[in-house]
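File shown here: data_6.cif, holding mmCIF, C-alpha atoms and all ligand atoms.
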```
data_final
#
loop_
_atom_site.label_atom_id
_atom_site.label_comp_id
_atom_site.auth_asym_id
_atom_site.auth_seq_id
_atom_site.Cartn_x
_atom_site.Cartn_y
_atom_site.Cartn_z
CA MET A 1 105.33 81.30 77.80
CA THR A 2 101.66 82.21 78.14
CA ALA A 3 100.11 82.06 81.60
CA LEU A 4 97.84 79.10 82.32
CA PRO A 5 94.13 79.73 82.93
CA SER A 6 93.46 80.07 86.67
CA HIS A 7 91.71 76.68 86.89
CA LEU A 8 94.82 74.81 85.70
CA GLU A 9 98.17 74.20 87.32
CA LEU A 10 101.53 73.08 85.97
CA VAL A 11 102.72 70.20 88.17
CA GLN A 12 106.13 68.68 87.39
CA GLY A 13 105.74 69.53 83.74
CA VAL A 14 102.15 68.23 83.53
CA VAL A 15 99.14 70.56 83.17
CA LEU A 16 96.37 69.45 85.55
CA PRO A 17 92.99 70.89 86.56
CA LYS A 18 92.92 72.30 90.09
CA PRO A 19 90.73 70.20 92.41
CA VAL A 20 87.18 71.57 92.75
CA GLY A 21 85.26 68.41 93.63
CA ALA A 22 85.86 68.51 97.41
CA HIS A 23 86.54 64.74 97.19
CA PRO A 24 89.48 63.01 95.46
CA VAL A 25 87.18 60.60 93.61
CA LEU A 26 85.19 63.49 92.15
CA ASP A 27 88.40 65.26 91.20
CA PHE A 28 89.45 62.01 89.48
CA VAL A 29 86.36 62.01 87.24
CA ASN A 30 87.00 65.72 86.62
CA THR A 31 90.31 65.00 84.87
CA ARG A 32 88.68 65.37 81.45
CA SER A 33 86.59 68.25 80.20
CA GLU A 34 82.94 68.41 79.36
CA TRP A 35 81.24 65.16 80.27
CA THR A 36 78.03 66.72 78.96
CA THR A 37 79.14 66.05 75.39
CA ARG A 38 79.94 62.35 75.63
CA GLY A 39 82.46 60.86 73.26
CA PRO A 40 86.08 61.97 73.25
CA ALA A 41 87.01 64.70 75.72
CA ARG A 42 87.74 68.12 74.33
CA THR A 43 90.54 68.27 76.87
CA GLU A 44 92.02 65.14 78.44
CA TRP A 45 94.42 65.74 81.30
CA LEU A 46 95.35 62.09 81.93
CA THR A 47 97.31 61.93 78.70
CA SER A 48 99.79 59.32 79.94
CA TYR A 49 100.31 56.94 82.84
CA ASP A 50 102.92 59.39 84.14
CA ALA A 51 100.36 62.20 84.08
CA PHE A 52 98.01 59.92 86.09
CA LEU A 53 100.75 59.30 88.68
CA THR A 54 101.55 63.02 88.84
CA TRP A 55 97.84 63.74 89.38
CA ASN A 56 97.77 61.21 92.26
CA GLY A 57 100.61 63.07 93.94
CA TYR A 58 99.06 66.47 93.22
CA VAL A 59 95.77 65.66 94.96
CA GLY A 60 97.60 63.98 97.85
CA LEU A 61 96.61 60.37 97.15
CA LEU A 62 99.93 58.68 96.40
CA ALA A 63 103.42 59.99 96.00
CA PRO A 64 104.52 59.06 92.46
CA ALA A 65 107.58 57.36 93.95
CA THR A 66 105.44 54.79 95.77
CA ALA A 67 103.84 53.52 92.57
CA THR A 68 105.54 50.62 90.81
CA ARG A 69 105.89 51.26 87.11
CA PRO A 70 103.80 48.90 85.00
CA ALA A 71 105.52 47.16 82.10
CA ASN A 72 102.73 48.14 79.74
CA ASP A 73 101.58 51.49 80.99
CA SER A 74 99.24 52.25 78.09
CA ASP A 75 97.09 49.23 79.06
CA HIS A 76 97.04 50.45 82.64
CA LEU A 77 96.08 53.94 81.56
CA GLN A 78 93.24 52.52 79.45
CA ALA A 79 91.93 50.60 82.48
CA VAL A 80 92.04 53.82 84.49
CA LEU A 81 90.13 55.77 81.81
CA THR A 82 87.53 53.01 81.42
CA PHE A 83 86.97 52.93 85.18
CA ARG A 84 86.72 56.74 85.21
CA ALA A 85 84.03 56.76 82.49
CA GLY A 86 81.97 54.09 84.27
CA LEU A 87 82.37 55.77 87.61
CA TYR A 88 81.21 59.07 86.15
CA ASP A 89 77.99 57.45 84.94
CA VAL A 90 77.42 55.78 88.31
CA LEU A 91 78.00 58.98 90.26
CA ALA A 92 75.95 61.08 87.82
CA GLY A 93 73.06 58.63 88.26
CA GLN A 94 73.02 57.58 84.61
CA ALA A 95 74.72 54.17 84.66
CA THR A 96 73.25 51.18 82.86
CA ASP A 97 73.31 47.89 84.80
CA ASP A 98 76.31 46.77 82.71
CA THR A 99 78.23 49.94 83.54
CA PHE A 100 77.46 49.59 87.23
CA GLU A 101 78.62 45.95 87.15
CA ALA A 102 81.89 46.89 85.43
CA VAL A 103 82.61 49.54 88.07
CA ALA A 104 81.62 47.16 90.85
CA ARG A 105 84.01 44.45 89.53
CA VAL A 106 86.98 46.84 89.72
CA ILE A 107 86.02 47.82 93.27
CA GLU A 108 85.62 44.15 94.26
CA GLU A 109 89.02 43.29 92.75
CA ALA A 110 90.53 46.14 94.76
CA SER A 111 88.79 44.95 97.94
CA GLY A 112 90.10 41.43 97.38
CA ARG A 113 93.66 42.69 97.15
CA ARG A 114 93.58 44.49 100.49
CA ARG A 115 95.45 43.19 103.51
CA LEU A 116 94.66 44.16 107.05
CA VAL A 117 97.98 45.11 108.61
CA ARG A 118 98.84 45.82 112.20
CA SER A 119 99.69 49.37 113.13
CA GLY A 120 100.43 49.43 116.86
CA ASP A 121 97.11 48.82 118.62
CA HIS A 122 95.28 49.75 115.44
CA ALA A 123 94.93 48.06 112.10
CA ALA A 124 94.84 49.50 108.61
CA TRP A 125 93.89 48.27 105.16
CA GLU A 126 96.78 48.24 102.74
CA LEU A 127 97.04 47.50 99.05
CA PRO A 128 100.14 45.76 97.69
CA GLU A 129 102.66 48.01 96.01
CA ASP A 130 102.17 46.94 92.44
CA PRO A 131 101.20 48.70 89.21
CA ALA A 132 97.47 48.41 89.99
CA LEU A 133 97.88 50.32 93.28
CA PRO A 134 96.81 53.80 92.05
CA LEU A 135 93.68 52.47 90.31
CA TYR A 136 92.71 50.16 93.19
CA ASN A 137 93.30 52.92 95.70
CA LEU A 138 90.83 55.11 93.81
CA ALA A 139 88.40 52.20 93.49
CA LEU A 140 88.36 51.73 97.28
CA LEU A 141 87.81 55.45 97.83
CA ALA A 142 85.01 55.31 95.26
CA SER A 143 83.36 52.46 97.16
CA GLU A 144 83.44 54.54 100.37
CA LEU A 145 81.85 57.46 98.54
CA LEU A 146 79.19 55.29 96.86
CA THR A 147 78.16 53.53 100.06
CA GLY A 148 78.54 56.44 102.46
CA GLU A 149 76.55 59.47 103.51
CA SER A 150 78.35 61.82 101.12
CA ARG A 151 76.81 60.03 98.13
CA GLU A 152 73.62 62.09 98.29
CA TYR A 153 75.60 65.35 98.11
CA VAL A 154 77.24 64.62 94.75
CA ARG A 155 76.11 67.23 92.22
CA SER A 156 77.04 67.85 88.62
CA CYS A 157 77.81 71.21 87.09
CA PRO A 158 74.99 72.12 84.66
CA SER A 159 77.52 73.68 82.31
CA CYS A 160 80.34 71.12 82.01
CA GLY A 161 79.14 68.02 83.87
CA TRP A 162 81.98 68.00 86.39
CA LEU A 163 81.06 66.53 89.77
CA PHE A 164 81.43 68.06 93.21
CA LEU A 165 80.19 67.58 96.75
CA ASP A 166 77.61 70.09 97.87
CA PRO A 167 76.60 69.17 101.44
CA ARG A 168 75.02 72.58 102.13
CA GLY A 169 73.09 72.79 98.87
CA ARG A 170 74.65 76.13 97.95
CA ARG A 171 76.81 75.31 94.96
CA ARG A 172 75.61 75.49 91.41
CA TRP A 173 78.82 75.46 89.37
CA CYS A 174 81.99 73.37 89.44
CA SER A 175 83.88 76.61 89.84
CA MET A 176 82.95 80.28 89.81
CA ALA A 177 86.19 80.99 87.94
CA THR A 178 85.11 78.93 84.92
CA CYS A 179 81.48 77.84 84.48
CA GLY A 180 80.05 80.29 87.04
CA ASN A 181 81.72 83.18 85.32
CA ARG A 182 80.61 82.09 81.87
CA ALA A 183 77.00 81.91 83.12
CA LYS A 184 77.33 85.37 84.68
CA VAL A 185 78.63 86.78 81.40
CA ARG A 186 75.78 85.12 79.48
CA ALA A 187 73.18 86.47 81.93
CA HIS A 188 74.69 89.95 81.65
CA ALA A 189 74.65 89.79 77.85
CA ALA A 190 71.00 88.67 77.94
CA ARG A 191 70.08 91.65 80.15
CA THR A 192 71.86 94.22 78.03
CA HIS A 193 70.69 93.10 74.58
ZN ZN B 1 81.45 73.40 85.22
#
```
In structure tokens, write the structure found in this file.
Amino acid sequence: MTALPSHLELVQGVVLPKPVGAHPVLDFVNTRSEWTTRGPARTEWLTSYDAFLTWNGYVGLLAPATATRPANDSDHLQAVLTFRAGLYDVLAGQATDDTFEAVARVIEEASGRRRLVRSGDHAAWELPEDPALPLYNLALLASELLTGESREYVRSCPSCGWLFLDPRGRRRWCSMATCGNRAKVRAHAARTH
């Protein structure tokens, strides 16, 4: 078996990209390669609903066991991928009004499903344990990112289009191990030729 590239990890039999976004919502949109060339992804890591659940567990969002299996998981996966594409455009600052509305509807559906539950003297928002839970959980996190202070620190990698948080303004690439290294190699080649 050949070793995986250092930016990928084998998780319960599923190959997934290691998180580089510094926010789970940004790592969610980074589950396909090369947003800069729109159209089909050259590499798609959410290849099945199971892979999506495994990814949720990997980044610490939901243990796969807590998610109820949908009867038609390919429809659910399609809804996840459609939300991901819209969310990418919104976060990258290139969404049309229609795309923004479509993303907003998913977030509003998710908000409508929440229940405020008692937790001792505190209270917490909870989503019902049904097949939409992983998508709605991400939608609520996305709404926090879009409406919060971190929104202005979302940057996109000039090489691959992946998104990451850059609160100190020091990051250029999604990862030095991939895009940063490729740029270094290109710069070196330009100097020596
Ligand atoms: Zn990159």
Atom CA of His122 of chain A sits from atom CA of Pro134 of chain A at a separation of 23.8 Å
Could you list, as a list in words, every residue within 9 Å of Leu133 of chain A, counting only C-alpha atoms and ignoring same-chain residues fewer than 4 positions away?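 Contacts, with the query itself left out: Ala67, Thr68, Ala110, Leu127, Pro128, Glu129, Asn137 and Leu138 of chain A.
With the cut-off set to 9 Å and all atoms listed in the file counted, the residues surrounding ligand ZN 1 (chain B) are Ser33, Glu34, Ser156, Cys157, Pro158, Ser159, Cys160, Gly161, Trp162, Leu163, Arg172, Trp173, Cys174, Ser175, Met176, Thr178, Cys179 and Gly180 of chain A.
Distances here use all atoms listed in the file; by that measure, the residue among A:Tyr136, A:Phe100, A:Tyr153, A:Tyr58 closest to Val11 of chain A is A:Tyr58.
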re atom CA of Val103 of chain A and atom CA of Val80 of chain A: distance 11.0 Å
Nearest to Leu140 of chain A, restricted to only C-alpha atoms and choosing among A:Glu109, A:Asp50, A:Glu9, A:Asp97, comes out as A:Glu109
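Interatomic distance, atom CA of Leu46 of chain A to atom CA of Glu149 of chain A: 28.7 Å.
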With only C-alpha atoms as the atoms that count, which of A:Thr43, A:Thr96, A:Thr82, A:Thr31 lies nearest to Val59 of chain A?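 Closest to Val59 of chain A, using only C-alpha atoms: A:Thr31.
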Env of Ile107 of chain A: 12 Å cut, atoms = all atoms listed in the file, seq-sep filter 5 positions within chain, self excluded. Answer as a PyMOL selection string. chain A and resi 83+86-87+100-102+112-114+132+135-147
Would you mind listing what lies within 10 Å of Ala177 of chain A as a VMD selection string, with only C-alpha atoms counted and same-chain residues fewer than 5 positions away left out? chain A and resid 5 to 7 182
Name the closest residue to Gly169 of chain A among the candidates A:Trp55, A:Ala92, A:His188, A:Val154; distances are taken between atoms, counting all atoms listed in the file.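 Answer, going by the shortest atom-to-atom distance: A:Val154.
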Using all atoms listed in the file, determine which residues lie at most 9 Å from Pro131 of chain A, disregarding the query and same-chain residues fewer than 5 positions distant; provide the list as a list in words.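 Listing them by chain and then by number gives Ala67, Thr68, Arg69, Pro70, Ala71, Asp73 and His76 of chain A.
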Padded axis-aligned box of segment 82-97 of chain A (5 Å per side), centre and edge lengths, Å, one decimal, as lines of an AutoDock Vina configuration file:
```
center_x = 80.3
center_y = 54.5
center_z = 85.8
size_x = 24.5
size_y = 23.2
size_z = 18.8
```
Would you please work out which residue, of A:Asp27, A:Glu108, A:Ser119, A:Leu53, is nearest to Arg84 of chain A when using only C-alpha atoms? A:Asp27
For a quick check of understanding, using all atoms listed in the file, which of A:Val14, A:Ala189, A:Ser111, A:Ala22 has the smallest distance to Arg171 of chain A?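 Nearest candidate to Arg171 of chain A out of A:Val14, A:Ala189, A:Ser111, A:Ala22: A:Ala22.
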